[in-house]
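Okay, structure first, notes after.
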Amino acid sequence: MELSPLRRSLLELLKSPASATQLAAALDLPRQRVNYHVRALEQAGLVELVEERQRRGCVERVLRAKPGREVAAGVQDQFAATHLVSVAAGTAREVDRMAGAAADAGKRLLTFTVETTVRFGAPGDVHEFTGDLAEAVRQIALKYDTDSGRPYRVVALGHPGVADE
């Protein structure tokens with residue numbers, strides 16, 4: 001599932017720091033509606049808090065799109081089941097195609113898999129875990145990524161597990 005056009009517009013505007021009030025004015029929308037979507041983007045780890053400032057007796061939150069997060073039609077909702085299925089199916093097709101080509105060439109396809117089970121104490125913990133995992137993967141990728149290296153696609157998927165019987 002792709003991000004809604006409104007959320008993509010917000011991410012585009014948040015390339016420069018702005019508050020929900022500023023975004024609402026730019027899009028000619030109610031501030032409450034914009035704030036709802038900005039908070040969803042923040043929970044998804046796509047935007048970050050830059051500063052909080054006092055304004056007319058309230059605290060105004062200024063946010064920006066996280067560096068390195070490109071806004072394009074391909075940006076996906078990382079919590080949508082349909083997106084998980086799409087990524088998993090696409091990965092299976094890609095690996096199957098490459099494994100067949102490697103076998104035809106008499107070579108082995110080098111892949112790796114990392115699996116674990118996490119038991120979240122509260123429903124909202126999955127969002128915080130996802131943000132932490134994305135940041136950890138980003139840091140590790142920065143450590144090993146080189147312009148001249150062979151590209152690898154790394155996909156982390158999460159879904160509710162089947163209870164132990």
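Labeling convention for the structure tokens: chains A, B, ... as they appear, residues from 1 per chain, ligands from 1 in order of appearance.
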Quiz prompt | Residue list (alpha helix (DSSP H), DSSP) for segment 8-147 of chain A, as a PyMOL selection string | solution = chain A and resi 8-13+20-27+31-43+81-104+125-144
Give me the residues near segment 29-46 of chain A as a tab-separated table (two decimals) with N, CA and C atoms, in the first residue's frame, where near means some atom within 6 Å (using only C-alpha atoms) and where sequence neighbours in that chain fewer than 3 positions away do not count.
chain	number	residue	atom	x	y	z
A	20	ALA	N	3.09	21.91	11.88
A	20	ALA	CA	1.81	21.50	11.31
A	20	ALA	C	1.01	22.73	10.87
A	21	THR	N	1.13	23.83	11.61
A	21	THR	CA	0.43	25.07	11.25
A	21	THR	C	0.94	25.60	9.91
A	24	ALA	N	-0.28	23.23	7.16
A	24	ALA	CA	-1.71	23.41	6.92
A	24	ALA	C	-1.95	24.65	6.05
A	65	ALA	N	11.54	15.93	7.23
A	65	ALA	CA	11.70	14.56	6.73
A	65	ALA	C	13.08	14.08	7.13
A	66	LYS	N	13.17	12.83	7.55
A	66	LYS	CA	14.47	12.30	7.96
A	66	LYS	C	15.42	12.29	6.78
A	131	GLY	N	11.23	1.47	14.15
A	131	GLY	CA	12.12	2.63	14.02
A	131	GLY	C	13.54	2.32	14.44
Self-check item: Nearest residue to Arg119 of chain A from the set A:Val162, A:Val154, A:Ala103, A:Ala18 (distances using only C-alpha atoms)
Solution: A:Val162
Exercise. Could you check how far atom CA of Leu6 of chain A sits from atom CA of Ala26 of chain A, in Å to one decimal?
Key: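 Taking atom CA of Leu6 of chain A as the start and atom CA of Ala26 of chain A as the end point, the length is 12.1 Å.
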Exercise. Determine the nearest neighbour of Ala163 of chain A from the options A:Ser19, A:Thr111, A:Thr117, A:Ser148, counting only C-alpha atoms.
Key: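 Selected residue with least distance to Ala163 of chain A: A:Thr117.
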Quiz item: Counting only C-alpha atoms, which of A:Glu115, A:Glu48, A:Glu128, A:Glu60 gets nearest to Gly158 of chain A?
Solution: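 Closest residue, counting only C-alpha atoms: A:Glu115.
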Quiz item: Any idea what the distance is between atom CA of Ile140 of chain A and atom CA of Leu13 of chain A?
Solution: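 According to the coordinates, atom CA of Ile140 of chain A and atom CA of Leu13 of chain A are separated by 28.7 Å.
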Quiz prompt | All strand (DSSP E) residues (DSSP, backbone) inside chain A, as a PyMOL selection string | solution = chain A and resi 18-19+47-55+58-65
Exercise. Would you mind reading off the distance between atom CA of Arg153 of chain A and atom CA of Asp104 of chain A, one decimal, in Å?
Key: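 According to the coordinates, atom CA of Arg153 of chain A and atom CA of Asp104 of chain A are separated by 22.0 Å.
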